[in-house]
file work_39.txt (compact mmCIF, C-alpha atoms and all ligand atoms)
# COMPACT_ATOMS: atom_id res chain seq x y z
CA MET S 1 51.96 120.47 -57.92
CA LYS S 2 50.79 116.92 -58.62
CA GLU S 3 47.66 118.37 -60.25
CA LEU S 4 49.83 120.38 -62.63
CA ILE S 5 51.97 117.32 -63.43
CA LYS S 6 48.86 115.24 -64.15
CA ARG S 7 47.47 117.91 -66.48
CA LEU S 8 50.74 118.20 -68.39
CA VAL S 9 51.53 114.50 -68.82
CA GLU S 10 47.98 113.65 -69.90
CA THR S 11 47.91 116.31 -72.61
CA TYR S 12 48.54 115.21 -76.20
CA GLY S 13 51.77 116.48 -77.79
CA PRO S 14 54.11 114.30 -79.86
CA ALA S 15 57.05 116.00 -81.61
CA GLY S 16 55.74 118.33 -84.31
CA SER S 17 52.21 118.31 -82.83
CA GLU S 18 52.70 120.51 -79.77
CA GLU S 19 49.72 122.89 -80.21
CA SER S 20 47.58 121.48 -77.38
CA ILE S 21 50.35 121.16 -74.82
CA ARG S 22 51.63 124.65 -75.69
CA GLU S 23 48.16 126.09 -75.00
CA VAL S 24 48.06 124.42 -71.59
CA ILE S 25 51.53 125.65 -70.64
CA MET S 26 50.86 129.15 -71.95
CA GLU S 27 47.88 129.55 -69.63
CA GLU S 28 49.91 128.23 -66.68
CA VAL S 29 52.88 130.61 -67.10
CA ARG S 30 51.07 133.72 -68.33
CA PRO S 31 50.52 135.25 -64.84
CA TYR S 32 54.17 134.86 -63.87
CA VAL S 33 56.11 136.24 -66.85
CA ASP S 34 56.55 139.57 -68.64
CA GLU S 35 56.31 138.39 -72.25
CA LEU S 36 55.23 135.30 -74.18
CA HIS S 37 56.28 134.49 -77.73
CA VAL S 38 55.77 131.54 -80.05
CA ASP S 39 58.40 131.19 -82.79
CA ALA S 40 58.23 129.55 -86.22
CA LEU S 41 59.08 126.09 -84.85
CA GLY S 42 56.39 126.42 -82.20
CA ASN S 43 58.70 126.99 -79.24
CA LEU S 44 56.98 128.83 -76.40
CA ILE S 45 59.37 131.49 -75.08
CA ALA S 46 58.40 132.97 -71.70
CA LEU S 47 60.48 135.98 -70.69
CA LYS S 48 60.80 137.02 -67.06
CA ARG S 49 62.84 140.18 -66.70
CA GLY S 50 65.44 140.50 -63.95
CA GLY S 51 68.05 142.47 -65.89
CA GLY S 52 71.66 141.52 -66.58
CA LYS S 53 72.76 138.51 -68.58
CA LYS S 54 70.42 136.28 -70.53
CA LEU S 55 69.68 132.85 -69.07
CA MET S 56 67.95 130.42 -71.41
CA LEU S 57 66.10 127.50 -69.84
CA ALA S 58 64.86 124.67 -72.05
CA SER S 59 62.31 122.01 -71.18
CA HIS S 60 60.87 120.14 -74.12
CA MET S 61 57.09 119.99 -74.53
CA ASP S 62 57.06 117.21 -77.09
CA GLU S 63 56.73 113.50 -76.32
CA ILE S 64 57.45 110.37 -78.35
CA GLY S 65 54.69 109.03 -80.58
CA VAL S 66 53.90 107.13 -83.78
CA MET S 67 53.02 108.37 -87.29
CA VAL S 68 50.64 106.61 -89.68
CA THR S 69 52.46 105.51 -92.85
CA SER S 70 49.65 103.63 -94.63
CA ILE S 71 46.14 102.26 -94.15
CA ASP S 72 45.17 98.83 -95.51
CA GLU S 73 41.86 97.72 -97.04
CA ASN S 74 40.69 96.33 -93.68
CA GLY S 75 41.37 99.60 -91.88
CA PHE S 76 44.58 98.59 -90.08
CA LEU S 77 47.17 101.36 -89.80
CA ARG S 78 50.88 100.82 -90.37
CA PHE S 79 53.12 103.27 -88.54
CA TYR S 80 56.62 104.38 -87.66
CA GLY S 81 58.13 105.94 -84.55
CA VAL S 82 58.30 109.67 -83.91
CA GLY S 83 61.36 109.76 -81.66
CA GLY S 84 63.15 106.81 -80.04
CA ILE S 85 60.39 104.31 -79.39
CA SER S 86 60.84 100.55 -79.05
CA PRO S 87 58.26 98.22 -80.63
CA PHE S 88 58.47 96.06 -77.49
CA SER S 89 57.18 98.93 -75.37
CA LEU S 90 54.05 99.15 -77.53
CA ILE S 91 52.76 95.59 -77.07
CA GLY S 92 49.57 95.69 -75.00
CA ASN S 93 49.41 99.46 -75.18
CA ARG S 94 47.01 101.93 -76.73
CA CYS S 95 47.52 105.23 -78.50
CA TYR S 96 45.36 108.26 -79.26
CA PHE S 97 45.27 110.81 -82.04
CA ALA S 98 44.76 114.57 -81.80
CA ASN S 99 41.05 114.13 -82.59
CA GLY S 100 40.61 111.61 -79.76
CA THR S 101 40.62 108.45 -81.92
CA VAL S 102 41.96 105.56 -79.85
CA GLY S 103 43.98 102.69 -81.30
CA VAL S 104 45.35 99.38 -80.02
CA PHE S 105 48.80 98.12 -81.03
CA GLY S 106 48.79 94.68 -82.63
CA MET S 107 51.43 92.56 -84.29
CA GLU S 108 51.79 89.96 -87.01
CA ARG S 109 52.54 86.35 -86.06
CA LEU S 110 56.29 86.01 -85.45
CA ASP S 111 58.57 82.97 -85.10
CA ALA S 112 60.37 84.64 -82.21
CA MET S 113 59.63 87.73 -80.16
CA LYS S 114 63.11 89.05 -80.89
CA ASP S 115 62.03 89.45 -84.53
CA LEU S 116 59.59 92.19 -83.54
CA THR S 117 60.08 95.41 -85.46
CA MET S 118 57.83 98.40 -86.03
CA ASN S 119 56.89 97.20 -89.53
CA LYS S 120 55.56 93.90 -88.13
CA MET S 121 53.07 95.94 -86.10
CA PHE S 122 49.86 97.80 -86.82
CA ILE S 123 47.28 99.96 -85.07
CA ASP S 124 43.69 98.73 -84.79
CA ILE S 125 41.23 101.62 -84.42
CA GLY S 126 38.18 99.37 -84.30
CA VAL S 127 36.98 99.71 -87.89
CA ASP S 128 36.80 97.09 -90.65
CA SER S 129 37.50 99.03 -93.85
CA ARG S 130 39.83 101.66 -95.23
CA GLU S 131 36.83 103.93 -95.83
CA ALA S 132 35.77 103.75 -92.20
CA ALA S 133 39.37 104.32 -91.06
CA LEU S 134 39.70 107.41 -93.28
CA GLU S 135 36.80 109.01 -91.45
CA LYS S 136 39.04 109.11 -88.35
CA VAL S 137 42.68 109.03 -89.45
CA LYS S 138 44.84 109.75 -92.49
CA VAL S 139 48.43 109.11 -93.54
CA GLY S 140 50.79 111.41 -91.63
CA ASP S 141 48.61 111.67 -88.54
CA VAL S 142 50.46 111.22 -85.27
CA ALA S 143 49.39 109.40 -82.12
CA ALA S 144 50.68 109.58 -78.57
CA ILE S 145 50.75 106.73 -76.09
CA LYS S 146 47.54 106.56 -74.09
CA ARG S 147 48.17 106.03 -70.39
CA GLU S 148 46.93 107.95 -67.38
CA PHE S 149 48.93 109.57 -64.60
CA CYS S 150 49.31 107.44 -61.48
CA ASP S 151 50.32 108.79 -58.06
CA LEU S 152 52.05 106.05 -56.07
CA GLY S 153 52.74 108.46 -53.20
CA LYS S 154 56.48 108.86 -53.19
CA ARG S 155 56.75 107.94 -56.87
CA LEU S 156 54.78 109.21 -59.85
CA VAL S 157 54.17 107.21 -63.05
CA SER S 158 52.90 108.23 -66.46
CA LYS S 159 53.61 108.45 -70.14
CA ALA S 160 55.42 111.68 -71.14
CA MET S 161 57.22 112.30 -67.83
CA ASP S 162 59.93 112.86 -70.47
CA ASP S 163 59.80 115.81 -70.50
CA ARG S 164 56.61 117.24 -69.03
CA ILE S 165 58.04 116.74 -65.54
CA ALA S 166 60.64 119.36 -66.53
CA CYS S 167 57.91 121.60 -67.96
CA ALA S 168 56.13 121.36 -64.60
CA ILE S 169 59.36 122.19 -62.73
CA GLN S 170 60.08 125.14 -65.03
CA ILE S 171 56.52 126.49 -64.56
CA GLU S 172 56.69 126.06 -60.79
CA ALA S 173 60.12 127.74 -60.62
CA LEU S 174 58.78 130.72 -62.61
CA LYS S 175 56.01 131.00 -60.02
CA GLN S 176 58.38 130.82 -57.06
CA VAL S 177 61.39 132.87 -58.19
CA GLN S 178 61.74 136.07 -56.14
CA ASN S 179 64.84 137.88 -57.38
CA PRO S 180 65.82 136.75 -60.87
CA ALA S 181 69.50 137.48 -61.51
CA TYR S 182 68.99 137.46 -65.29
CA ASP S 183 66.56 138.18 -68.04
CA ILE S 184 65.21 134.65 -67.97
CA TYR S 185 64.09 133.13 -71.27
CA ALA S 186 62.19 130.07 -70.11
CA VAL S 187 61.65 128.09 -73.30
CA PHE S 188 59.25 125.18 -73.69
CA THR S 189 60.84 123.62 -76.74
CA THR S 190 59.45 121.57 -79.61
CA GLN S 191 60.78 118.54 -81.51
CA GLU S 192 63.46 117.53 -78.98
CA GLU S 193 62.66 113.86 -79.50
CA VAL S 194 63.49 114.05 -83.20
CA GLY S 195 66.85 115.80 -82.80
CA LEU S 196 66.81 118.87 -80.50
CA ARG S 197 65.29 120.94 -83.29
CA GLY S 198 63.23 123.52 -81.42
CA ALA S 199 66.01 124.38 -78.97
CA ARG S 200 68.41 124.99 -81.85
CA VAL S 201 66.41 127.83 -83.36
CA ALA S 202 65.29 129.19 -80.00
CA ALA S 203 68.91 129.50 -78.85
CA TYR S 204 69.84 131.19 -82.11
CA GLY S 205 67.06 133.73 -81.68
CA ILE S 206 67.77 134.43 -78.02
CA THR S 207 71.59 134.17 -78.06
CA PRO S 208 71.77 133.60 -74.29
CA ASP S 209 74.87 134.09 -72.13
CA ILE S 210 74.20 130.72 -70.51
CA GLY S 211 71.81 127.87 -71.29
CA ILE S 212 70.43 125.24 -68.95
CA ALA S 213 68.27 122.39 -70.21
CA VAL S 214 65.96 120.48 -67.88
CA ASP S 215 65.22 116.91 -68.85
CA VAL S 216 64.95 113.38 -67.48
CA THR S 217 67.82 110.91 -67.25
CA ARG S 218 68.21 107.19 -66.79
CA THR S 219 68.98 105.47 -63.49
CA GLY S 220 71.12 102.55 -62.35
CA ASP S 221 68.88 101.40 -59.52
CA THR S 222 66.68 98.59 -60.86
CA PRO S 223 67.45 94.83 -60.87
CA LYS S 224 70.35 93.88 -63.16
CA CYS S 225 70.20 97.13 -65.14
CA ALA S 226 73.13 98.86 -66.83
CA THR S 227 75.56 100.46 -64.38
CA MET S 228 74.84 104.13 -63.80
CA ALA S 229 75.56 106.29 -60.75
CA VAL S 230 72.10 107.88 -60.61
CA CYS S 231 69.25 106.75 -58.34
CA LEU S 232 65.64 107.78 -57.89
CA GLY S 233 65.19 109.90 -54.76
CA LYS S 234 68.76 111.14 -54.35
CA GLY S 235 68.13 114.49 -55.96
CA PRO S 236 68.18 116.10 -59.40
CA THR S 237 71.41 115.69 -61.35
CA VAL S 238 74.08 117.98 -62.67
CA LYS S 239 74.88 116.44 -66.03
CA VAL S 240 78.49 115.88 -67.04
CA ARG S 241 77.85 114.36 -70.47
CA ASP S 242 75.49 112.54 -72.79
CA SER S 243 75.65 111.75 -76.50
CA SER S 244 74.76 115.31 -77.45
CA VAL S 245 76.90 117.36 -75.08
CA LEU S 246 79.95 117.64 -72.88
CA CYS S 247 78.53 120.18 -70.47
CA THR S 248 80.59 123.36 -70.18
CA PRO S 249 82.85 122.76 -67.12
CA ALA S 250 82.32 126.26 -65.72
CA VAL S 251 78.53 125.81 -65.90
CA ARG S 252 78.81 122.44 -64.20
CA ARG S 253 80.89 123.96 -61.40
CA HIS S 254 78.45 126.86 -61.08
CA MET S 255 75.53 124.44 -60.78
CA GLU S 256 77.34 122.36 -58.16
CA GLU S 257 78.20 125.47 -56.14
CA VAL S 258 74.58 126.66 -56.21
CA ALA S 259 73.35 123.23 -55.06
CA LYS S 260 75.91 123.05 -52.23
CA ALA S 261 75.30 126.63 -51.07
CA ASN S 262 71.58 125.93 -50.74
CA ASP S 263 71.76 122.38 -49.31
CA ILE S 264 70.06 120.90 -52.34
CA PRO S 265 70.90 117.19 -52.83
CA TYR S 266 72.27 116.48 -56.30
CA GLN S 267 73.96 113.69 -58.24
CA LEU S 268 76.57 113.89 -60.97
CA GLU S 269 75.23 112.35 -64.15
CA VAL S 270 77.10 110.55 -66.91
CA LEU S 271 74.53 109.32 -69.42
CA GLU S 272 75.97 106.88 -71.95
CA ALA S 273 73.34 107.31 -74.68
CA GLY S 274 70.69 109.94 -75.33
CA GLY S 275 70.71 113.69 -75.84
CA THR S 276 69.29 116.92 -74.48
CA ASP S 277 68.49 120.42 -75.68
CA ALA S 278 71.77 121.59 -74.11
CA GLY S 279 73.57 119.90 -77.00
CA ALA S 280 71.84 122.22 -79.47
CA ILE S 281 72.15 125.33 -77.30
CA GLN S 282 75.89 124.86 -76.74
CA LEU S 283 76.64 124.68 -80.48
CA THR S 284 74.70 127.83 -81.37
CA LYS S 285 76.53 130.66 -83.19
CA SER S 286 80.08 130.81 -81.82
CA GLY S 287 79.21 128.65 -78.80
CA ILE S 288 77.17 129.14 -75.62
CA PRO S 289 78.06 127.83 -72.13
CA ALA S 290 75.53 125.12 -71.40
CA GLY S 291 74.56 122.69 -68.66
CA VAL S 292 71.72 120.36 -67.73
CA MET S 293 69.70 119.58 -64.65
CA SER S 294 68.03 116.18 -64.99
CA ILE S 295 65.34 114.43 -63.02
CA PRO S 296 66.11 110.70 -62.58
CA CYS S 297 63.49 108.61 -64.35
CA ARG S 298 62.99 104.86 -64.72
CA TYR S 299 61.55 103.21 -67.86
CA ILE S 300 62.17 106.23 -70.13
CA HIS S 301 60.36 106.14 -73.48
CA THR S 302 57.75 103.66 -72.25
CA ALA S 303 54.11 104.21 -71.26
CA SER S 304 55.13 104.13 -67.59
CA GLU S 305 57.96 106.55 -66.87
CA MET S 306 58.61 106.81 -63.12
CA VAL S 307 60.04 109.73 -61.14
CA ASP S 308 60.45 110.43 -57.43
CA TYR S 309 58.39 113.32 -56.04
CA ASP S 310 61.19 114.51 -53.73
CA ASP S 311 63.47 114.80 -56.77
CA VAL S 312 60.81 116.92 -58.44
CA LEU S 313 60.50 119.27 -55.46
CA ASN S 314 64.28 119.51 -55.11
CA GLY S 315 64.41 120.17 -58.85
CA VAL S 316 62.13 123.18 -58.37
CA ARG S 317 64.28 124.48 -55.49
CA PHE S 318 67.43 123.99 -57.56
CA LEU S 319 66.03 125.75 -60.62
CA VAL S 320 64.80 128.70 -58.54
CA LYS S 321 68.28 129.13 -57.03
CA LEU S 322 69.87 128.86 -60.47
CA MET S 323 67.56 131.67 -61.63
CA GLU S 324 68.59 133.79 -58.63
CA THR S 325 72.38 133.24 -58.81
CA GLU S 326 74.44 134.99 -61.46
CA TYR S 327 76.82 132.86 -63.52
CA GLN S 328 80.31 134.36 -63.35
CA GLY S 329 82.03 131.98 -65.81
CO CO S 401 62.98 111.60 -74.55
ZN ZN S 402 63.55 114.28 -72.87

call {"tool": "encode", "arguments": {"input": "work_39.txt", "output": "structure tokens"}}
result
Amino acid sequence: MKELIKRLVETYGPAGSEESIREVIMEEVRPYVDELHVDALGNLIALKRGGGKKLMLASHMDEIGVMVTSIDENGFLRFYGVGGISPFSLIGNRCYFANGTVGVFGMERLDAMKDLTMNKMFIDIGVDSREAALEKVKVGDVAAIKREFCDLGKRLVSKAMDDRIACAIQIEALKQVQNPAYDIYAVFTTQEEVGLRGARVAAYGITPDIGIAVDVTRTGDTPKCATMAVCLGKGPTVKVRDSSVLCTPAVRRHMEEVAKANDIPYQLEVLEAGGTDAGAIQLTKSGIPAGVMSIPCRYIHTASEMVDYDDVLNGVRFLVKLMETEYQG
């Protein structure tokens, strides 16, 4: 499964530019599902028929990135964030565009590092004129962070673990599921990082009986970090709340019962800030019961997002059992 994770995290796909990552995922899931659709927002909807109620799963394909806002006469690119990206996380990093053009993040001279903002930064693509830059990049082009997958053994590190680790888990669960208790609409959503946009229209189109998003969440297990009762290696989480959702209590209970019945370790998650596709699913039409399984992840929205491999494997087991157990709520 590490091979699959590496392939997914190293594929280009910022919000709104998911074509390449969708192609990769489509080829991975095709043998294991009954139907594949791509909707107008670019969501990939993989249907696996088991009969009964409709279960919608949502893992977002998009990653954070930066968009070119202007190009100066010396060929330096100014940019803004696509999704929640901190300028501090960009110092010393590189990015790459859909056509393979690589850029280095630089910054103006500042009196104090705390004054760093996105508009004090630029991207250097190794040219010395606007004309030369325009041969590679234009205004509106989007770049992803460039950083390779790294297997530390127990822990895995890469850019875009948010949320390709969930895409990998959703693909693997589709491979492993034996007796689906639903018609499963496994959606690989677009534009989550800019406001849960893909999931919103996908949920409207599907109108599921229950929705479960799979995403990453923060942890409270590094030196002097914010307090949070989630640790790497103690299992996937059953989310209680984040800024986008108060998970439907009956779905939460259902998820906890499934985990307990199958001896799958899990943690209850209260995330103070941040959102997930479940927030969009839950508010669709007249309301849809929704929950979230998260994979604990350190350094979210940086070039080096870290997850624990046991959590990933337990996440697959958990998702398979959720696919095989009917929600009675
Ligand atoms: Co994110
Ligand atoms: Zn995410």

call {"tool": "axis_aligned_box", "arguments": {"input": "work_39.txt", "around": "stretch 113-119 of chain S", "padding_each_side": "4 Å", "output": "lines of an AutoDock Vina configuration file"}}
result
center_x = 60.0
center_y = 93.1
center_z = -84.8
size_x = 14.2
size_y = 18.7
size_z = 17.4

call {"tool": "closest_atom_pairs", "arguments": {"input": "work_39.txt", "of": "chain S", "to": "ligand CO 401 (chain S)", "cutoff": "8 Å", "atoms": "all atoms listed in the file", "output": "tab-separated table"}}
result
residue	atom	partner	partner_atom	distance
S:Glu63	CA	S:CO401	CO	6.8
S:Ile64	CA	S:CO401	CO	6.8
S:Gly83	CA	S:CO401	CO	7.5
S:Gly84	CA	S:CO401	CO	7.3
S:Asp162	CA	S:CO401	CO	5.2
S:Asp163	CA	S:CO401	CO	6.7
S:Glu192	CA	S:CO401	CO	7.4
S:Glu193	CA	S:CO401	CO	5.5
S:Val216	CA	S:CO401	CO	7.6
S:Gly274	CA	S:CO401	CO	7.9
S:Ile300	CA	S:CO401	CO	7.0
S:His301	CA	S:CO401	CO	6.1

call {"tool": "residues_near_ligand", "arguments": {"input": "work_39.txt", "ligand": "ligand ZN 402 (chain S)", "cutoff": "12 Å", "atoms": "all atoms listed in the file", "output": "NGL selection string"}}
result
:S and (14-15 or 58-64 or 83-84 or 159-167 or 188-196 or 213-218 or 274-278 or 292-297 or 300-301 or 305)

call {"tool": "residues_around", "arguments": {"input": "work_39.txt", "residues": "S:Ala132", "least_positions_apart": "2", "cutoff": "12 Å", "atoms": "only C-alpha atoms", "output": "NGL selection string"}}
result
:S and (71-77 or 124-130 or 134-138)

call {"tool": "write_last_selection", "arguments": {"input": "work_39.txt", "atoms": "C-alpha atoms", "output": "mmCIF file, in the frame of the given file"}}
result
data_model
loop_
_atom_site.group_PDB
_atom_site.id
_atom_site.type_symbol
_atom_site.label_atom_id
_atom_site.label_comp_id
_atom_site.auth_asym_id
_atom_site.auth_seq_id
_atom_site.Cartn_x
_atom_site.Cartn_y
_atom_site.Cartn_z
ATOM 1 C CA ILE S 71 46.140 102.260 -94.150
ATOM 2 C CA ASP S 72 45.170 98.830 -95.510
ATOM 3 C CA GLU S 73 41.860 97.720 -97.040
ATOM 4 C CA ASN S 74 40.690 96.330 -93.680
ATOM 5 C CA GLY S 75 41.370 99.600 -91.880
ATOM 6 C CA PHE S 76 44.580 98.590 -90.080
ATOM 7 C CA LEU S 77 47.170 101.360 -89.800
ATOM 8 C CA ASP S 124 43.690 98.730 -84.790
ATOM 9 C CA ILE S 125 41.230 101.620 -84.420
ATOM 10 C CA GLY S 126 38.180 99.370 -84.300
ATOM 11 C CA VAL S 127 36.980 99.710 -87.890
ATOM 12 C CA ASP S 128 36.800 97.090 -90.650
ATOM 13 C CA SER S 129 37.500 99.030 -93.850
ATOM 14 C CA ARG S 130 39.830 101.660 -95.230
ATOM 15 C CA LEU S 134 39.700 107.410 -93.280
ATOM 16 C CA GLU S 135 36.800 109.010 -91.450
ATOM 17 C CA LYS S 136 39.040 109.110 -88.350
ATOM 18 C CA VAL S 137 42.680 109.030 -89.450
ATOM 19 C CA LYS S 138 44.840 109.750 -92.490
#

call {"tool": "atom_distance", "arguments": {"input": "work_39.txt", "atom1": "atom CA of S:Gly52", "atom2": "atom CA of S:His37"}}
result
20.3 Å

call {"tool": "atom_distance", "arguments": {"input": "work_39.txt", "atom1": "atom CA of S:Pro180", "atom2": "atom CA of S:Glu269"}}
result
26.4 Å

call {"tool": "atom_distance", "arguments": {"input": "work_39.txt", "atom1": "atom CA of S:Ala186", "atom2": "atom CA of S:Arg298"}}
result
25.8 Å

call {"tool": "residues_around", "arguments": {"input": "work_39.txt", "residues": "S:Asn119", "least_positions_apart": "6", "cutoff": "8 Å", "atoms": "all atoms listed in the file", "output": "ChimeraX atom specification"}}
result
/S:78-80

call {"tool": "write_last_selection", "arguments": {"input": "work_39.txt", "atoms": "C-alpha atoms", "output": "PDB file, keeping the file's coordinate frame"}}
result
ATOM      1  CA  ARG S  78      50.880 100.820 -90.370  1.00  0.00           C
ATOM      2  CA  PHE S  79      53.120 103.270 -88.540  1.00  0.00           C
ATOM      3  CA  TYR S  80      56.620 104.380 -87.660  1.00  0.00           C
TER       4      TYR S  80
END

call {"tool": "closest_residue", "arguments": {"input": "work_39.txt", "among": "S:Met56, S:Ile264, S:Met255, S:Val238", "to": "S:Tyr185", "atoms": "only C-alpha atoms"}}
result
S:Met56

call {"tool": "residues_around", "arguments": {"input": "work_39.txt", "residues": "stretch 225-230 of chain S", "least_positions_apart": "4", "cutoff": "8 Å", "atoms": "only C-alpha atoms", "output": "number ranges by chain"}}
result
S: 218-221, 234, 237, 267-271, 296

call {"tool": "closest_residue", "arguments": {"input": "work_39.txt", "among": "S:Lys53, S:Lys120, S:Lys6, S:Lys146", "to": "S:Gly65", "atoms": "all atoms listed in the file"}}
result
S:Lys146

call {"tool": "closest_residue", "arguments": {"input": "work_39.txt", "among": "S:Thr248, S:Thr117, S:Thr11, S:Thr325", "to": "S:Ala181", "atoms": "only C-alpha atoms"}}
result
S:Thr325

call {"tool": "closest_residue", "arguments": {"input": "work_39.txt", "among": "S:Leu319, S:Met113, S:Ala280, S:Val102", "to": "S:Ile145", "atoms": "all atoms listed in the file"}}
result
S:Val102

call {"tool": "closest_residue", "arguments": {"input": "work_39.txt", "among": "S:Gly211, S:Gly153, S:Gly51, S:Gly235", "to": "S:Pro265", "atoms": "all atoms listed in the file"}}
result
S:Gly235

call {"tool": "residues_around", "arguments": {"input": "work_39.txt", "residues": "S:Met118", "least_positions_apart": "2", "cutoff": "12 Å", "atoms": "only C-alpha atoms", "output": "tab-separated table (two decimals) with C-alpha atoms, in the coordinates of the input"}}
result
chain	number	residue	atom	x	y	z
S	66	VAL	CA	53.90	107.13	-83.78
S	67	MET	CA	53.02	108.37	-87.29
S	68	VAL	CA	50.64	106.61	-89.68
S	69	THR	CA	52.46	105.51	-92.85
S	77	LEU	CA	47.17	101.36	-89.80
S	78	ARG	CA	50.88	100.82	-90.37
S	79	PHE	CA	53.12	103.27	-88.54
S	80	TYR	CA	56.62	104.38	-87.66
S	81	GLY	CA	58.13	105.94	-84.55
S	82	VAL	CA	58.30	109.67	-83.91
S	84	GLY	CA	63.15	106.81	-80.04
S	85	ILE	CA	60.39	104.31	-79.39
S	86	SER	CA	60.84	100.55	-79.05
S	87	PRO	CA	58.26	98.22	-80.63
S	88	PHE	CA	58.47	96.06	-77.49
S	89	SER	CA	57.18	98.93	-75.37
S	90	LEU	CA	54.05	99.15	-77.53
S	91	ILE	CA	52.76	95.59	-77.07
S	105	PHE	CA	48.80	98.12	-81.03
S	106	GLY	CA	48.79	94.68	-82.63
S	107	MET	CA	51.43	92.56	-84.29
S	108	GLU	CA	51.79	89.96	-87.01
S	114	LYS	CA	63.11	89.05	-80.89
S	115	ASP	CA	62.03	89.45	-84.53
S	116	LEU	CA	59.59	92.19	-83.54
S	120	LYS	CA	55.56	93.90	-88.13
S	121	MET	CA	53.07	95.94	-86.10
S	122	PHE	CA	49.86	97.80	-86.82
S	123	ILE	CA	47.28	99.96	-85.07
